[in-house]
file model_32.pdb (PDB, N, CA and C atoms)
ATOM      1  N   MET A   1      -4.252  12.744   4.055
ATOM      2  CA  MET A   1      -3.296  11.708   3.745
ATOM      3  C   MET A   1      -3.910  10.658   2.812
ATOM      4  N   LEU A   2      -5.206  10.392   2.967
ATOM      5  CA  LEU A   2      -5.875   9.452   2.079
ATOM      6  C   LEU A   2      -5.784   9.928   0.630
ATOM      7  N   ASP A   3      -5.958  11.222   0.404
ATOM      8  CA  ASP A   3      -5.847  11.770  -0.954
ATOM      9  C   ASP A   3      -4.445  11.550  -1.522
ATOM     10  N   TRP A   4      -3.415  11.695  -0.694
ATOM     11  CA  TRP A   4      -2.026  11.497  -1.117
ATOM     12  C   TRP A   4      -1.810  10.044  -1.559
ATOM     13  N   VAL A   5      -2.277   9.089  -0.762
ATOM     14  CA  VAL A   5      -2.151   7.669  -1.094
ATOM     15  C   VAL A   5      -2.925   7.366  -2.374
ATOM     16  N   ASN A   6      -4.160   7.852  -2.471
ATOM     17  CA  ASN A   6      -4.971   7.630  -3.672
ATOM     18  C   ASN A   6      -4.309   8.221  -4.918
ATOM     19  N   HIS A   7      -3.690   9.386  -4.763
ATOM     20  CA  HIS A   7      -2.998  10.051  -5.870
ATOM     21  C   HIS A   7      -1.822   9.197  -6.359
ATOM     22  N   ILE A   8      -1.041   8.661  -5.443
ATOM     23  CA  ILE A   8       0.092   7.800  -5.808
ATOM     24  C   ILE A   8      -0.410   6.549  -6.528
ATOM     25  N   LEU A   9      -1.421   5.884  -5.973
ATOM     26  CA  LEU A   9      -1.960   4.676  -6.605
ATOM     27  C   LEU A   9      -2.473   4.964  -8.014
ATOM     28  N   SER A  10      -3.177   6.063  -8.161
ATOM     29  CA  SER A  10      -3.757   6.432  -9.452
ATOM     30  C   SER A  10      -2.674   6.805 -10.467
ATOM     31  N   ASP A  11      -1.750   7.663 -10.075
ATOM     32  CA  ASP A  11      -0.709   8.127 -10.997
ATOM     33  C   ASP A  11       0.274   7.025 -11.382
ATOM     34  N   GLU A  12       0.687   6.230 -10.411
ATOM     35  CA  GLU A  12       1.719   5.223 -10.662
ATOM     36  C   GLU A  12       1.186   3.998 -11.413
ATOM     37  N   ARG A  13      -0.014   3.533 -11.047
ATOM     38  CA  ARG A  13      -0.508   2.261 -11.597
ATOM     39  C   ARG A  13      -1.964   2.286 -12.039
ATOM     40  N   ASP A  14      -2.580   3.472 -12.054
ATOM     41  CA  ASP A  14      -3.984   3.601 -12.452
ATOM     42  C   ASP A  14      -4.884   2.694 -11.605
ATOM     43  N   ILE A  15      -4.642   2.701 -10.288
ATOM     44  CA  ILE A  15      -5.399   1.872  -9.351
ATOM     45  C   ILE A  15      -6.337   2.754  -8.541
ATOM     46  N   VAL A  16      -7.589   2.327  -8.452
ATOM     47  CA  VAL A  16      -8.573   2.953  -7.572
ATOM     48  C   VAL A  16      -9.128   1.828  -6.702
ATOM     49  N   ILE A  17      -8.932   1.927  -5.392
ATOM     50  CA  ILE A  17      -9.418   0.908  -4.468
ATOM     51  C   ILE A  17     -10.914   1.126  -4.273
ATOM     52  N   SER A  18     -11.697   0.075  -4.507
ATOM     53  CA  SER A  18     -13.155   0.209  -4.443
ATOM     54  C   SER A  18     -13.701   0.099  -3.019
ATOM     55  N   ALA A  19     -12.964  -0.543  -2.127
ATOM     56  CA  ALA A  19     -13.442  -0.716  -0.751
ATOM     57  C   ALA A  19     -13.422   0.614   0.006
ATOM     58  N   ARG A  20     -14.275   0.708   1.005
ATOM     59  CA  ARG A  20     -14.364   1.917   1.822
ATOM     60  C   ARG A  20     -13.209   1.947   2.821
ATOM     61  N   PRO A  21     -12.446   3.068   2.882
ATOM     62  CA  PRO A  21     -11.376   3.171   3.880
ATOM     63  C   PRO A  21     -11.971   3.319   5.280
ATOM     64  N   LEU A  22     -11.404   2.579   6.238
ATOM     65  CA  LEU A  22     -11.873   2.650   7.621
ATOM     66  C   LEU A  22     -10.982   3.528   8.481
ATOM     67  N   GLU A  23      -9.678   3.455   8.221
ATOM     68  CA  GLU A  23      -8.737   4.194   9.066
ATOM     69  C   GLU A  23      -7.510   4.560   8.248
ATOM     70  N   VAL A  24      -6.975   5.750   8.532
ATOM     71  CA  VAL A  24      -5.758   6.231   7.887
ATOM     72  C   VAL A  24      -4.807   6.695   8.985
ATOM     73  N   ALA A  25      -3.547   6.290   8.864
ATOM     74  CA  ALA A  25      -2.522   6.725   9.816
ATOM     75  C   ALA A  25      -1.316   7.197   9.034
ATOM     76  N   SER A  26      -0.649   8.225   9.541
ATOM     77  CA  SER A  26       0.571   8.692   8.880
ATOM     78  C   SER A  26       1.522   9.264   9.913
ATOM     79  N   PHE A  27       2.801   9.170   9.591
ATOM     80  CA  PHE A  27       3.842   9.708  10.466
ATOM     81  C   PHE A  27       5.140   9.796   9.678
ATOM     82  N   GLU A  28       6.119  10.517  10.228
ATOM     83  CA  GLU A  28       7.452  10.581   9.648
ATOM     84  C   GLU A  28       8.447  10.028  10.649
ATOM     85  N   VAL A  29       9.399   9.234  10.134
ATOM     86  CA  VAL A  29      10.428   8.649  10.979
ATOM     87  C   VAL A  29      11.685   8.414  10.147
ATOM     88  N   ASP A  30      12.813   8.812  10.666
ATOM     89  CA  ASP A  30      14.115   8.575  10.030
ATOM     90  C   ASP A  30      14.154   8.941   8.556
ATOM     91  N   GLY A  31      13.558  10.068   8.196
ATOM     92  CA  GLY A  31      13.607  10.537   6.821
ATOM     93  C   GLY A  31      12.583   9.907   5.887
ATOM     94  N   PHE A  32      11.629   9.182   6.448
ATOM     95  CA  PHE A  32      10.584   8.550   5.641
ATOM     96  C   PHE A  32       9.217   9.041   6.071
ATOM     97  N   ARG A  33       8.364   9.289   5.089
ATOM     98  CA  ARG A  33       6.954   9.565   5.336
ATOM     99  C   ARG A  33       6.237   8.228   5.175
ATOM    100  N   MET A  34       5.518   7.804   6.187
ATOM    101  CA  MET A  34       4.804   6.528   6.184
ATOM    102  C   MET A  34       3.310   6.808   6.246
ATOM    103  N   ALA A  35       2.547   6.072   5.453
ATOM    104  CA  ALA A  35       1.091   6.193   5.480
ATOM    105  C   ALA A  35       0.495   4.793   5.395
ATOM    106  N   TYR A  36      -0.538   4.561   6.168
ATOM    107  CA  TYR A  36      -1.259   3.286   6.175
ATOM    108  C   TYR A  36      -2.733   3.572   5.980
ATOM    109  N   VAL A  37      -3.368   2.791   5.106
ATOM    110  CA  VAL A  37      -4.816   2.889   4.918
ATOM    111  C   VAL A  37      -5.376   1.483   5.101
ATOM    112  N   PHE A  38      -6.349   1.350   5.992
ATOM    113  CA  PHE A  38      -7.012   0.076   6.259
ATOM    114  C   PHE A  38      -8.428   0.152   5.706
ATOM    115  N   TYR A  39      -8.777  -0.848   4.897
ATOM    116  CA  TYR A  39     -10.057  -0.842   4.195
ATOM    117  C   TYR A  39     -11.031  -1.856   4.789
ATOM    118  N   GLU A  40     -12.301  -1.600   4.587
ATOM    119  CA  GLU A  40     -13.374  -2.448   5.075
ATOM    120  C   GLU A  40     -13.251  -3.894   4.564
ATOM    121  N   SER A  41     -12.687  -4.069   3.389
ATOM    122  CA  SER A  41     -12.550  -5.392   2.774
ATOM    123  C   SER A  41     -11.490  -6.265   3.452
ATOM    124  N   GLY A  42     -10.622  -5.644   4.273
ATOM    125  CA  GLY A  42      -9.510  -6.366   4.880
ATOM    126  C   GLY A  42      -8.180  -6.028   4.242
ATOM    127  N   LEU A  43      -8.205  -5.235   3.181
ATOM    128  CA  LEU A  43      -6.987  -4.800   2.507
ATOM    129  C   LEU A  43      -6.306  -3.710   3.320
ATOM    130  N   SER A  44      -4.984  -3.757   3.352
ATOM    131  CA  SER A  44      -4.178  -2.708   3.958
ATOM    132  C   SER A  44      -3.183  -2.223   2.916
ATOM    133  N   VAL A  45      -3.096  -0.911   2.747
ATOM    134  CA  VAL A  45      -2.141  -0.304   1.824
ATOM    135  C   VAL A  45      -1.200   0.557   2.649
ATOM    136  N   ASN A  46       0.108   0.373   2.423
ATOM    137  CA  ASN A  46       1.058   1.240   3.105
ATOM    138  C   ASN A  46       2.000   1.877   2.092
ATOM    139  N   VAL A  47       2.347   3.123   2.351
ATOM    140  CA  VAL A  47       3.279   3.861   1.510
ATOM    141  C   VAL A  47       4.486   4.215   2.359
ATOM    142  N   MET A  48       5.672   3.836   1.864
ATOM    143  CA  MET A  48       6.941   4.223   2.479
ATOM    144  C   MET A  48       7.600   5.156   1.477
ATOM    145  N   TYR A  49       7.757   6.415   1.857
ATOM    146  CA  TYR A  49       8.224   7.425   0.920
ATOM    147  C   TYR A  49       9.410   8.166   1.505
ATOM    148  N   GLY A  50      10.602   7.877   0.969
ATOM    149  CA  GLY A  50      11.798   8.590   1.415
ATOM    150  C   GLY A  50      11.718  10.047   1.024
ATOM    151  N   ILE A  51      11.911  10.920   1.982
ATOM    152  CA  ILE A  51      11.770  12.358   1.747
ATOM    153  C   ILE A  51      12.905  12.888   0.872
ATOM    154  N   GLU A  52      14.122  12.407   1.080
ATOM    155  CA  GLU A  52      15.275  12.824   0.281
ATOM    156  C   GLU A  52      15.251  12.127  -1.080
ATOM    157  N   ASN A  53      15.684  12.835  -2.120
ATOM    158  CA  ASN A  53      15.787  12.220  -3.448
ATOM    159  C   ASN A  53      16.748  11.045  -3.390
ATOM    160  N   GLY A  54      16.419   9.991  -4.117
ATOM    161  CA  GLY A  54      17.284   8.824  -4.176
ATOM    162  C   GLY A  54      17.062   7.809  -3.076
ATOM    163  N   THR A  55      16.116   8.063  -2.162
ATOM    164  CA  THR A  55      15.828   7.100  -1.100
ATOM    165  C   THR A  55      14.670   6.197  -1.522
ATOM    166  N   LYS A  56      14.478   5.129  -0.772
ATOM    167  CA  LYS A  56      13.457   4.141  -1.126
ATOM    168  C   LYS A  56      12.056   4.736  -1.053
ATOM    169  N   ARG A  57      11.241   4.318  -2.029
ATOM    170  CA  ARG A  57       9.840   4.731  -2.085
ATOM    171  C   ARG A  57       9.043   3.568  -2.651
ATOM    172  N   ALA A  58       8.044   3.114  -1.909
ATOM    173  CA  ALA A  58       7.278   1.957  -2.354
ATOM    174  C   ALA A  58       5.880   1.960  -1.757
ATOM    175  N   VAL A  59       4.993   1.212  -2.424
ATOM    176  CA  VAL A  59       3.642   0.978  -1.936
ATOM    177  C   VAL A  59       3.513  -0.518  -1.686
ATOM    178  N   GLY A  60       2.999  -0.874  -0.511
ATOM    179  CA  GLY A  60       2.791  -2.270  -0.169
ATOM    180  C   GLY A  60       1.312  -2.570   0.014
ATOM    181  N   PHE A  61       0.929  -3.790  -0.334
ATOM    182  CA  PHE A  61      -0.444  -4.260  -0.163
ATOM    183  C   PHE A  61      -0.406  -5.487   0.724
ATOM    184  N   LYS A  62      -1.286  -5.546   1.722
ATOM    185  CA  LYS A  62      -1.426  -6.721   2.582
ATOM    186  C   LYS A  62      -2.891  -7.131   2.588
ATOM    187  N   LEU A  63      -3.105  -8.449   2.514
ATOM    188  CA  LEU A  63      -4.459  -8.997   2.540
ATOM    189  C   LEU A  63      -4.691  -9.700   3.866
ATOM    190  N   SER A  64      -5.866  -9.531   4.444
ATOM    191  CA  SER A  64      -6.239 -10.261   5.656
ATOM    192  C   SER A  64      -6.307 -11.748   5.359
ATOM    193  N   GLU A  65      -6.103 -12.561   6.377
ATOM    194  CA  GLU A  65      -6.148 -14.013   6.202
ATOM    195  C   GLU A  65      -7.499 -14.437   5.636
ATOM    196  N   GLY A  66      -7.466 -15.251   4.591
ATOM    197  CA  GLY A  66      -8.687 -15.737   3.959
ATOM    198  C   GLY A  66      -9.299 -14.792   2.944
ATOM    199  N   MET A  67      -8.752 -13.603   2.823
ATOM    200  CA  MET A  67      -9.296 -12.602   1.902
ATOM    201  C   MET A  67      -8.888 -12.919   0.468
ATOM    202  N   GLU A  68      -9.823 -12.756  -0.455
ATOM    203  CA  GLU A  68      -9.513 -12.868  -1.878
ATOM    204  C   GLU A  68      -8.802 -11.591  -2.333
ATOM    205  N   VAL A  69      -7.996 -11.708  -3.364
ATOM    206  CA  VAL A  69      -7.328 -10.530  -3.922
ATOM    207  C   VAL A  69      -8.385  -9.635  -4.557
ATOM    208  N   PRO A  70      -8.404  -8.338  -4.212
ATOM    209  CA  PRO A  70      -9.397  -7.428  -4.787
ATOM    210  C   PRO A  70      -9.287  -7.375  -6.310
ATOM    211  N   GLU A  71     -10.429  -7.214  -6.956
ATOM    212  CA  GLU A  71     -10.512  -7.199  -8.415
ATOM    213  C   GLU A  71      -9.541  -6.200  -9.036
ATOM    214  N   GLU A  72      -9.380  -5.031  -8.411
ATOM    215  CA  GLU A  72      -8.525  -3.993  -8.973
ATOM    216  C   GLU A  72      -7.028  -4.335  -8.887
ATOM    217  N   LEU A  73      -6.670  -5.389  -8.131
ATOM    218  CA  LEU A  73      -5.271  -5.782  -7.977
ATOM    219  C   LEU A  73      -4.959  -7.152  -8.570
ATOM    220  N   VAL A  74      -5.960  -7.979  -8.809
ATOM    221  CA  VAL A  74      -5.758  -9.384  -9.153
ATOM    222  C   VAL A  74      -4.925  -9.583 -10.417
ATOM    223  N   SER A  75      -5.105  -8.788 -11.436
ATOM    224  CA  SER A  75      -4.362  -8.974 -12.681
ATOM    225  C   SER A  75      -3.039  -8.212 -12.703
ATOM    226  N   ARG A  76      -2.766  -7.422 -11.661
ATOM    227  CA  ARG A  76      -1.591  -6.554 -11.665
ATOM    228  C   ARG A  76      -0.448  -7.035 -10.779
ATOM    229  N   PHE A  77      -0.767  -7.819  -9.751
ATOM    230  CA  PHE A  77       0.250  -8.207  -8.770
ATOM    231  C   PHE A  77       0.123  -9.674  -8.407
ATOM    232  N   LYS A  78       1.247 -10.274  -8.068
ATOM    233  CA  LYS A  78       1.260 -11.604  -7.462
ATOM    234  C   LYS A  78       1.464 -11.383  -5.975
ATOM    235  N   PHE A  79       0.706 -12.105  -5.177
ATOM    236  CA  PHE A  79       0.777 -11.948  -3.728
ATOM    237  C   PHE A  79       1.499 -13.140  -3.118
ATOM    238  N   ALA A  80       2.588 -12.864  -2.416
ATOM    239  CA  ALA A  80       3.372 -13.901  -1.748
ATOM    240  C   ALA A  80       2.781 -14.184  -0.378
ATOM    241  N   ARG A  81       2.890 -15.428   0.066
ATOM    242  CA  ARG A  81       2.413 -15.821   1.398
ATOM    243  C   ARG A  81       3.587 -15.840   2.373
ATOM    244  N   GLN A  82       3.309 -15.372   3.590
ATOM    245  CA  GLN A  82       4.307 -15.375   4.648
ATOM    246  C   GLN A  82       3.607 -15.697   5.954
ATOM    247  N   LYS A  83       4.208 -16.548   6.782
ATOM    248  CA  LYS A  83       3.622 -16.878   8.081
ATOM    249  C   LYS A  83       4.123 -15.905   9.140
ATOM    250  N   SER A  84       3.199 -15.484   9.982
ATOM    251  CA  SER A  84       3.509 -14.577  11.079
ATOM    252  C   SER A  84       2.940 -15.175  12.359
ATOM    253  N   LYS A  85       3.720 -15.156  13.440
ATOM    254  CA  LYS A  85       3.236 -15.675  14.722
ATOM    255  C   LYS A  85       2.049 -14.860  15.229
ATOM    256  N   LEU A  86       2.057 -13.574  14.977
ATOM    257  CA  LEU A  86       0.995 -12.711  15.480
ATOM    258  C   LEU A  86      -0.208 -12.621  14.550
ATOM    259  N   ALA A  87       0.033 -12.638  13.233
ATOM    260  CA  ALA A  87      -1.050 -12.365  12.283
ATOM    261  C   ALA A  87      -1.490 -13.569  11.465
ATOM    262  N   GLY A  88      -0.910 -14.739  11.693
ATOM    263  CA  GLY A  88      -1.279 -15.908  10.888
ATOM    264  C   GLY A  88      -0.585 -15.860   9.542
ATOM    265  N   VAL A  89      -1.308 -16.198   8.491
ATOM    266  CA  VAL A  89      -0.750 -16.171   7.137
ATOM    267  C   VAL A  89      -1.032 -14.796   6.527
ATOM    268  N   ILE A  90       0.027 -14.145   6.097
ATOM    269  CA  ILE A  90      -0.086 -12.830   5.476
ATOM    270  C   ILE A  90       0.224 -12.986   3.998
ATOM    271  N   ARG A  91      -0.569 -12.360   3.159
ATOM    272  CA  ARG A  91      -0.263 -12.306   1.733
ATOM    273  C   ARG A  91      -0.023 -10.847   1.373
ATOM    274  N   GLY A  92       1.054 -10.600   0.665
ATOM    275  CA  GLY A  92       1.387  -9.230   0.336
ATOM    276  C   GLY A  92       2.073  -9.092  -1.002
ATOM    277  N   SER A  93       2.123  -7.851  -1.467
ATOM    278  CA  SER A  93       2.801  -7.490  -2.696
ATOM    279  C   SER A  93       3.191  -6.019  -2.579
ATOM    280  N   PHE A  94       4.000  -5.542  -3.533
ATOM    281  CA  PHE A  94       4.403  -4.138  -3.495
ATOM    282  C   PHE A  94       4.824  -3.690  -4.882
ATOM    283  N   PHE A  95       4.977  -2.364  -5.028
ATOM    284  CA  PHE A  95       5.622  -1.815  -6.211
ATOM    285  C   PHE A  95       6.438  -0.599  -5.794
ATOM    286  N   VAL A  96       7.472  -0.316  -6.576
ATOM    287  CA  VAL A  96       8.360   0.815  -6.327
ATOM    288  C   VAL A  96       7.740   2.065  -6.938
ATOM    289  N   ILE A  97       7.747   3.145  -6.178
ATOM    290  CA  ILE A  97       7.230   4.443  -6.646
ATOM    291  C   ILE A  97       8.307   5.111  -7.492
ATOM    292  N   LYS A  98       7.950   5.543  -8.683
ATOM    293  CA  LYS A  98       8.903   6.173  -9.581
ATOM    294  C   LYS A  98       8.786   7.707  -9.599
ATOM    295  N   GLY A  99       7.591   8.228  -9.348
ATOM    296  CA  GLY A  99       7.349   9.668  -9.422
ATOM    297  C   GLY A  99       7.690  10.407  -8.138
ATOM    298  N   GLU A 100       7.463  11.710  -8.172
ATOM    299  CA  GLU A 100       7.691  12.598  -7.027
ATOM    300  C   GLU A 100       6.337  13.020  -6.458
ATOM    301  N   TYR A 101       6.145  12.804  -5.176
ATOM    302  CA  TYR A 101       4.879  13.164  -4.538
ATOM    303  C   TYR A 101       5.117  13.917  -3.260
TER     304      TYR A 101
END
call {"tool": "encode", "arguments": {"input": "model_32.pdb", "output": "structure tokens"}}
result
Amino acid sequence: MLDWVNHILSDERDIVISARPLEVASFEVDGFRMAYVFYESGLSVNVMYGIENGTKRAVGFKLSEGMEVPEELVSRFKFARQKSKLAGVIRGSFFVIKGEY
């Protein structure tokens, strides 16, 4: 599953995450393939991929509280701040997947 996420990041936006992945999780629910990759740096990448053509497909990035934006993402995305009762301040961004994977 890590290869699938890396392939999407590379093909869609020419992104290679430099941090070491710590954990990968994937599952399917309600017609969506979901994948999460958690990195040593505190970055979390999630892919929501609608299995049927024409459904939503996107990649999301979440930064741990206090984490700087990784160099490979800093010039490409703006990260919005959101408060969470459980997680504190979350900063995130996303992009829509255009290709077929």
call {"tool": "resolve_selection", "arguments": {"input": "model_32.pdb", "expression": "the PyMOL selection byres ((chain A and resi 34) around 7)", "output": "ChimeraX atom specification"}}
result
/A:25-29,32-33,35-36,46-49
call {"tool": "atom_distance", "arguments": {"input": "model_32.pdb", "atom1": "atom CA of A:Lys83", "atom2": "atom CA of A:Ser44"}}
result
16.7 Å
call {"tool": "closest_residue", "arguments": {"input": "model_32.pdb", "among": "A:Ile15, A:Leu2, A:Leu9, A:Val96", "to": "A:Thr55", "atoms": "only C-alpha atoms"}}
result
A:Val96
call {"tool": "closest_residue", "arguments": {"input": "model_32.pdb", "among": "A:Val5, A:Ala19, A:Arg13, A:Asp30", "to": "A:Gly50", "atoms": "only N, CA and C atoms"}}
result
A:Asp30
call {"tool": "resolve_selection", "arguments": {"input": "model_32.pdb", "expression": "the PyMOL selection byres ((chain A and resi 81) around 8)", "output": "list of chain:residue names"}}
result
A:Lys78, A:Phe79, A:Ala80, A:Gln82, A:Lys83, A:Ser84, A:Val89, A:Ile90, A:Arg91, A:Gly92, A:Ser93
call {"tool": "closest_residue", "arguments": {"input": "model_32.pdb", "among": "A:Glu52, A:Leu73, A:Val24, A:Val59", "to": "A:Ile97", "atoms": "all atoms listed in the file"}}
result
A:Val59
call {"tool": "atom_distance", "arguments": {"input": "model_32.pdb", "atom1": "atom C of A:Pro21", "atom2": "atom CA of A:Val37"}}
result
7.2 Å
call {"tool": "atom_distance", "arguments": {"input": "model_32.pdb", "atom1": "atom CA of A:Lys62", "atom2": "atom CA of A:Ser41"}}
result
11.2 Å
call {"tool": "decode", "arguments": {"input": "model_32.pdb", "residues": "stretch 20-41 of chain A", "atoms": "N, CA and C atoms", "output": "compact mmCIF listing (two decimals), in the first residue's frame"}}
result
# COMPACT_ATOMS: atom_id res chain seq x y z
N ARG A 20 10.92 8.99 6.99
CA ARG A 20 10.76 7.54 7.03
C ARG A 20 9.33 7.20 7.45
N PRO A 21 8.63 6.33 6.68
CA PRO A 21 7.28 5.92 7.08
C PRO A 21 7.36 5.00 8.30
N LEU A 22 6.47 5.24 9.27
CA LEU A 22 6.43 4.41 10.48
C LEU A 22 5.32 3.38 10.43
N GLU A 23 4.19 3.77 9.85
CA GLU A 23 3.04 2.87 9.84
C GLU A 23 2.18 3.17 8.62
N VAL A 24 1.61 2.10 8.06
CA VAL A 24 0.71 2.20 6.92
C VAL A 24 -0.55 1.41 7.25
N ALA A 25 -1.70 2.02 6.98
CA ALA A 25 -2.98 1.33 7.19
C ALA A 25 -3.82 1.51 5.94
N SER A 26 -4.59 0.49 5.60
CA SER A 26 -5.50 0.62 4.45
C SER A 26 -6.73 -0.24 4.68
N PHE A 27 -7.82 0.21 4.08
CA PHE A 27 -9.08 -0.52 4.17
C PHE A 27 -10.02 0.00 3.09
N GLU A 28 -11.11 -0.73 2.85
CA GLU A 28 -12.16 -0.28 1.94
C GLU A 28 -13.45 -0.15 2.72
N VAL A 29 -14.19 0.93 2.43
CA VAL A 29 -15.46 1.17 3.09
C VAL A 29 -16.36 1.99 2.16
N ASP A 30 -17.59 1.57 2.01
CA ASP A 30 -18.59 2.29 1.23
C ASP A 30 -18.11 2.73 -0.14
N GLY A 31 -17.39 1.85 -0.84
CA GLY A 31 -16.95 2.15 -2.19
C GLY A 31 -15.68 2.99 -2.28
N PHE A 32 -15.00 3.17 -1.16
CA PHE A 32 -13.76 3.95 -1.15
C PHE A 32 -12.61 3.10 -0.64
N ARG A 33 -11.47 3.24 -1.28
CA ARG A 33 -10.22 2.66 -0.79
C ARG A 33 -9.53 3.76 0.00
N MET A 34 -9.22 3.50 1.25
CA MET A 34 -8.59 4.48 2.14
C MET A 34 -7.20 3.97 2.50
N ALA A 35 -6.23 4.87 2.50
CA ALA A 35 -4.87 4.53 2.90
C ALA A 35 -4.33 5.67 3.76
N TYR A 36 -3.63 5.31 4.81
CA TYR A 36 -3.00 6.28 5.71
C TYR A 36 -1.54 5.90 5.86
N VAL A 37 -0.66 6.90 5.77
CA VAL A 37 0.76 6.68 6.02
C VAL A 37 1.18 7.70 7.08
N PHE A 38 1.78 7.21 8.15
CA PHE A 38 2.27 8.06 9.24
C PHE A 38 3.80 8.04 9.20
N TYR A 39 4.38 9.24 9.19
CA TYR A 39 5.82 9.39 9.03
C TYR A 39 6.50 9.80 10.33
N GLU A 40 7.76 9.48 10.43
CA GLU A 40 8.58 9.79 11.59
C GLU A 40 8.60 11.29 11.91
N SER A 41 8.47 12.12 10.89
CA SER A 41 8.52 13.57 11.06
C SER A 41 7.26 14.15 11.72
